[in-house]
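Student: Please find one structure pasted underneath; my questions will follow.
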Amino acid sequence: MILPKICLRVEMIFDIEILNKTVTVKLIKKTRNRHTYLRIKSSNLIEISSNIFFTLNDAKKLIDNKKIWIEHRINSIKKESLKSNEYLFLGEKYIKNSLLKNIDEFYREKAKEIIPELVSKYSKQMNLYSTSIKFRKNKNTWGSCNYKNGLNFNILLVKYPIEIVEYVVIHELAHIKHKNHSKKFWDLVEVYCPDYKKRMKLFKTFL
């Protein structure tokens, strides 16, 4: 007599930190699973399905290896799920109230509040000073430094996490000294933003 194979299923739950937010990970282990699958179920839940021998450490290593992709997917879900009465500010989602009639004007006001303070802070640290600071709404340019050392910033920059805004400010201030993207330019950026590569990758997940 041939006995049916028993399908063993084990579930484990743990939390990780992604995009400065706690995200729950559900690990599902089955004897019938031959492959490992990673799914982003929502901005708060990641699901990993694998074989019965797949360990908790294996799951954490997989998440670490796929972290950039996970961040990209979570941000895509956030943007896709943004309703008509919602908006992003410093990486977080908010509900529009009756006073917020013009979102571009809101971003312009907040950009004028936040960015000049960051420019002042990092100007003192880097000993690099701009001749002017201007704001505009652009589709592709987030910041620029002209030949007169005037800085321009996109008002939509304040939609994203503050570490991204800081990186763009440092980036443009560095252009006061180096009008290119040479090794000396990136070396200067790295002095005042050691994790700039990580911040650049984070920025790309929002775009």
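Here, A, B, ... name the chains of the structure tokens in the order displayed, residue numbers run from 1 inside each chain, and ligands are numbered from 1 in the same displayed order.
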So which residues touch range 12-19 of chain A within 12 Å, counting only C-alpha atoms, skipping near sequence neighbours fewer than 4 positions away, as a PyMOL selection string?

Tutor: chain A and resi 23-30+43-50+52+54-57+59-61+63-64+66-75+78+90-92+160-164+198-199+201-203+205-206

Student: Would you output that residue set with C-alpha atoms, as an mmCIF file, in the first residue's frame?

Tutor:
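After the write, selection31.cif holds the following:
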data_model
loop_
_atom_site.group_PDB
_atom_site.id
_atom_site.type_symbol
_atom_site.label_atom_id
_atom_site.label_comp_id
_atom_site.auth_asym_id
_atom_site.auth_seq_id
_atom_site.Cartn_x
_atom_site.Cartn_y
_atom_site.Cartn_z
ATOM 1 C CA VAL A 23 7.987 45.827 7.615
ATOM 2 C CA THR A 24 6.665 42.371 8.504
ATOM 3 C CA VAL A 25 8.116 39.321 6.760
ATOM 4 C CA LYS A 26 6.149 36.064 6.585
ATOM 5 C CA LEU A 27 8.290 33.004 5.830
ATOM 6 C CA ILE A 28 6.288 30.022 4.580
ATOM 7 C CA LYS A 29 8.119 26.694 4.374
ATOM 8 C CA LYS A 30 6.589 23.681 2.618
ATOM 9 C CA SER A 43 4.125 48.234 1.662
ATOM 10 C CA ASN A 44 3.957 46.588 5.096
ATOM 11 C CA LEU A 45 4.225 42.890 4.245
ATOM 12 C CA ILE A 46 6.816 40.721 2.465
ATOM 13 C CA GLU A 47 6.182 37.023 1.861
ATOM 14 C CA ILE A 48 8.871 34.400 1.266
ATOM 15 C CA SER A 49 7.879 30.883 0.228
ATOM 16 C CA SER A 50 10.502 28.120 0.154
ATOM 17 C CA ILE A 52 11.360 23.154 4.600
ATOM 18 C CA PHE A 54 15.133 27.229 4.227
ATOM 19 C CA THR A 55 16.182 28.922 7.463
ATOM 20 C CA LEU A 56 15.455 32.279 9.081
ATOM 21 C CA ASN A 57 19.030 33.340 8.325
ATOM 22 C CA ALA A 59 15.456 34.588 4.580
ATOM 23 C CA LYS A 60 17.358 37.536 6.055
ATOM 24 C CA LYS A 61 20.217 37.047 3.568
ATOM 25 C CA ILE A 63 16.150 40.199 1.837
ATOM 26 C CA ASP A 64 19.565 41.822 2.218
ATOM 27 C CA LYS A 66 17.289 41.982 -2.754
ATOM 28 C CA LYS A 67 17.021 45.125 -0.646
ATOM 29 C CA ILE A 68 17.202 47.631 -3.517
ATOM 30 C CA TRP A 69 14.598 45.725 -5.502
ATOM 31 C CA ILE A 70 12.364 45.483 -2.414
ATOM 32 C CA GLU A 71 12.657 49.227 -1.781
ATOM 33 C CA HIS A 72 11.782 49.918 -5.406
ATOM 34 C CA ARG A 73 8.717 47.680 -5.280
ATOM 35 C CA ILE A 74 7.491 49.149 -1.975
ATOM 36 C CA ASN A 75 7.834 52.681 -3.315
ATOM 37 C CA LYS A 78 3.049 53.484 -2.466
ATOM 38 C CA LEU A 90 9.325 63.856 2.971
ATOM 39 C CA GLY A 91 8.649 60.272 1.934
ATOM 40 C CA GLU A 92 5.406 59.881 3.878
ATOM 41 C CA TYR A 160 11.040 62.530 -0.850
ATOM 42 C CA PRO A 161 12.809 61.493 2.400
ATOM 43 C CA ILE A 162 14.975 64.162 4.043
ATOM 44 C CA GLU A 163 18.181 62.156 3.421
ATOM 45 C CA ILE A 164 17.535 62.505 -0.308
ATOM 46 C CA LYS A 198 23.009 54.414 -0.823
ATOM 47 C CA ARG A 199 21.004 57.638 -0.955
ATOM 48 C CA LYS A 201 19.869 54.191 -4.930
ATOM 49 C CA LEU A 202 17.092 55.122 -2.525
ATOM 50 C CA PHE A 203 16.232 58.131 -4.718
ATOM 51 C CA THR A 205 13.442 53.709 -6.112
ATOM 52 C CA PHE A 206 11.047 56.675 -5.972
#

Student: Find the nearest atom pair between each residue of range 116-157 of chain A and range 188-195 of chain A for residues within 10 Å, count only C-alpha atoms, give distances in Å to one decimal, sort rows by chain and ascending number, and present the table as a tab-separated table.

Tutor:
residue	atom	partner	partner_atom	distance
A:Tyr122	CA	A:Tyr192	CA	8.1
A:Gln125	CA	A:Tyr192	CA	8.0
A:Met126	CA	A:Tyr192	CA	7.6

Student: So which bits of chain A end up alpha helix (DSSP H) when you DSSP the backbone, as a PDB file with C-alpha atoms, in the first residue's frame?

Tutor:
ATOM      1  CA  LEU A  56      15.455  32.279   9.081  1.00  0.00           C
ATOM      2  CA  ASN A  57      19.030  33.340   8.325  1.00  0.00           C
ATOM      3  CA  ASP A  58      18.524  32.339   4.678  1.00  0.00           C
ATOM      4  CA  ALA A  59      15.456  34.588   4.580  1.00  0.00           C
ATOM      5  CA  LYS A  60      17.358  37.536   6.055  1.00  0.00           C
ATOM      6  CA  LYS A  61      20.217  37.047   3.568  1.00  0.00           C
ATOM      7  CA  LEU A  62      17.741  36.942   0.688  1.00  0.00           C
ATOM      8  CA  ILE A  63      16.150  40.199   1.837  1.00  0.00           C
ATOM      9  CA  ASP A  64      19.565  41.822   2.218  1.00  0.00           C
ATOM     10  CA  ASN A  65      20.569  40.751  -1.305  1.00  0.00           C
ATOM     11  CA  LYS A  67      17.021  45.125  -0.646  1.00  0.00           C
ATOM     12  CA  ILE A  68      17.202  47.631  -3.517  1.00  0.00           C
ATOM     13  CA  TRP A  69      14.598  45.725  -5.502  1.00  0.00           C
ATOM     14  CA  ILE A  70      12.364  45.483  -2.414  1.00  0.00           C
ATOM     15  CA  GLU A  71      12.657  49.227  -1.781  1.00  0.00           C
ATOM     16  CA  HIS A  72      11.782  49.918  -5.406  1.00  0.00           C
ATOM     17  CA  ARG A  73       8.717  47.680  -5.280  1.00  0.00           C
ATOM     18  CA  ILE A  74       7.491  49.149  -1.975  1.00  0.00           C
ATOM     19  CA  ASN A  75       7.834  52.681  -3.315  1.00  0.00           C
ATOM     20  CA  SER A  76       6.062  51.670  -6.526  1.00  0.00           C
ATOM     21  CA  ILE A  77       3.203  50.256  -4.479  1.00  0.00           C
ATOM     22  CA  LYS A  78       3.049  53.484  -2.466  1.00  0.00           C
ATOM     23  CA  LYS A  79       2.854  55.586  -5.613  1.00  0.00           C
ATOM     24  CA  GLU A  80       0.353  53.259  -7.276  1.00  0.00           C
ATOM     25  CA  ILE A 103      -0.220  71.052  -3.938  1.00  0.00           C
ATOM     26  CA  ASP A 104       2.514  72.740  -6.013  1.00  0.00           C
ATOM     27  CA  GLU A 105       2.287  75.858  -3.866  1.00  0.00           C
ATOM     28  CA  PHE A 106       2.507  73.672  -0.773  1.00  0.00           C
ATOM     29  CA  TYR A 107       5.676  72.024  -2.105  1.00  0.00           C
ATOM     30  CA  ARG A 108       7.112  75.427  -3.037  1.00  0.00           C
ATOM     31  CA  GLU A 109       6.509  76.806   0.478  1.00  0.00           C
ATOM     32  CA  LYS A 110       7.982  73.730   2.147  1.00  0.00           C
ATOM     33  CA  ALA A 111      10.984  73.722  -0.186  1.00  0.00           C
ATOM     34  CA  LYS A 112      11.666  77.357   0.744  1.00  0.00           C
ATOM     35  CA  GLU A 113      11.444  76.432   4.438  1.00  0.00           C
ATOM     36  CA  ILE A 114      13.553  73.269   4.388  1.00  0.00           C
ATOM     37  CA  ILE A 115      16.164  73.600   1.652  1.00  0.00           C
ATOM     38  CA  PRO A 116      17.734  77.000   2.551  1.00  0.00           C
ATOM     39  CA  GLU A 117      18.352  75.722   6.106  1.00  0.00           C
ATOM     40  CA  LEU A 118      20.136  72.668   4.714  1.00  0.00           C
ATOM     41  CA  VAL A 119      22.132  74.851   2.315  1.00  0.00           C
ATOM     42  CA  SER A 120      23.203  77.070   5.216  1.00  0.00           C
ATOM     43  CA  LYS A 121      24.134  74.055   7.358  1.00  0.00           C
ATOM     44  CA  TYR A 122      26.270  72.337   4.735  1.00  0.00           C
ATOM     45  CA  SER A 123      27.712  75.581   3.333  1.00  0.00           C
ATOM     46  CA  LYS A 124      29.339  76.185   6.717  1.00  0.00           C
ATOM     47  CA  GLN A 125      30.633  72.628   6.897  1.00  0.00           C
ATOM     48  CA  MET A 126      31.962  72.598   3.320  1.00  0.00           C
ATOM     49  CA  ILE A 162      14.975  64.162   4.043  1.00  0.00           C
ATOM     50  CA  GLU A 163      18.181  62.156   3.421  1.00  0.00           C
ATOM     51  CA  ILE A 164      17.535  62.505  -0.308  1.00  0.00           C
ATOM     52  CA  VAL A 165      17.036  66.275   0.026  1.00  0.00           C
ATOM     53  CA  GLU A 166      20.288  66.496   2.011  1.00  0.00           C
ATOM     54  CA  TYR A 167      22.161  64.532  -0.645  1.00  0.00           C
ATOM     55  CA  VAL A 168      20.961  66.834  -3.454  1.00  0.00           C
ATOM     56  CA  VAL A 169      21.968  69.919  -1.419  1.00  0.00           C
ATOM     57  CA  ILE A 170      25.466  68.525  -0.779  1.00  0.00           C
ATOM     58  CA  HIS A 171      25.731  67.483  -4.427  1.00  0.00           C
ATOM     59  CA  GLU A 172      24.948  70.969  -5.723  1.00  0.00           C
ATOM     60  CA  LEU A 173      27.182  72.713  -3.180  1.00  0.00           C
ATOM     61  CA  ALA A 174      30.051  70.480  -4.313  1.00  0.00           C
ATOM     62  CA  HIS A 175      29.510  71.827  -7.843  1.00  0.00           C
ATOM     63  CA  ILE A 176      30.552  75.264  -6.592  1.00  0.00           C
ATOM     64  CA  LYS A 177      34.069  73.869  -6.337  1.00  0.00           C
ATOM     65  CA  LYS A 183      36.641  61.880  -9.089  1.00  0.00           C
ATOM     66  CA  LYS A 184      37.508  64.995  -7.063  1.00  0.00           C
ATOM     67  CA  PHE A 185      33.842  66.010  -7.142  1.00  0.00           C
ATOM     68  CA  TRP A 186      32.635  62.633  -5.831  1.00  0.00           C
ATOM     69  CA  ASP A 187      35.433  62.549  -3.249  1.00  0.00           C
ATOM     70  CA  LEU A 188      34.184  65.887  -1.941  1.00  0.00           C
ATOM     71  CA  VAL A 189      30.569  64.683  -1.843  1.00  0.00           C
ATOM     72  CA  GLU A 190      31.661  61.577   0.050  1.00  0.00           C
ATOM     73  CA  VAL A 191      33.366  63.615   2.775  1.00  0.00           C
ATOM     74  CA  TYR A 192      30.063  65.251   3.756  1.00  0.00           C
ATOM     75  CA  TYR A 196      25.749  59.062  -0.913  1.00  0.00           C
ATOM     76  CA  LYS A 197      25.643  55.916  -3.095  1.00  0.00           C
ATOM     77  CA  LYS A 198      23.009  54.414  -0.823  1.00  0.00           C
ATOM     78  CA  ARG A 199      21.004  57.638  -0.955  1.00  0.00           C
ATOM     79  CA  MET A 200      21.248  57.729  -4.752  1.00  0.00           C
ATOM     80  CA  LYS A 201      19.869  54.191  -4.930  1.00  0.00           C
ATOM     81  CA  LEU A 202      17.092  55.122  -2.525  1.00  0.00           C
ATOM     82  CA  PHE A 203      16.232  58.131  -4.718  1.00  0.00           C
ATOM     83  CA  LYS A 204      15.998  55.934  -7.821  1.00  0.00           C
ATOM     84  CA  THR A 205      13.442  53.709  -6.112  1.00  0.00           C
ATOM     85  CA  PHE A 206      11.047  56.675  -5.972  1.00  0.00           C
TER      86      PHE A 206
END

Student: Given only C-alpha atoms as the basis, pick out the residue of A:Asn51, A:Asn138, A:Ser144, A:Thr131 nearest to Asn33 in chain A.

Tutor: A:Asn51
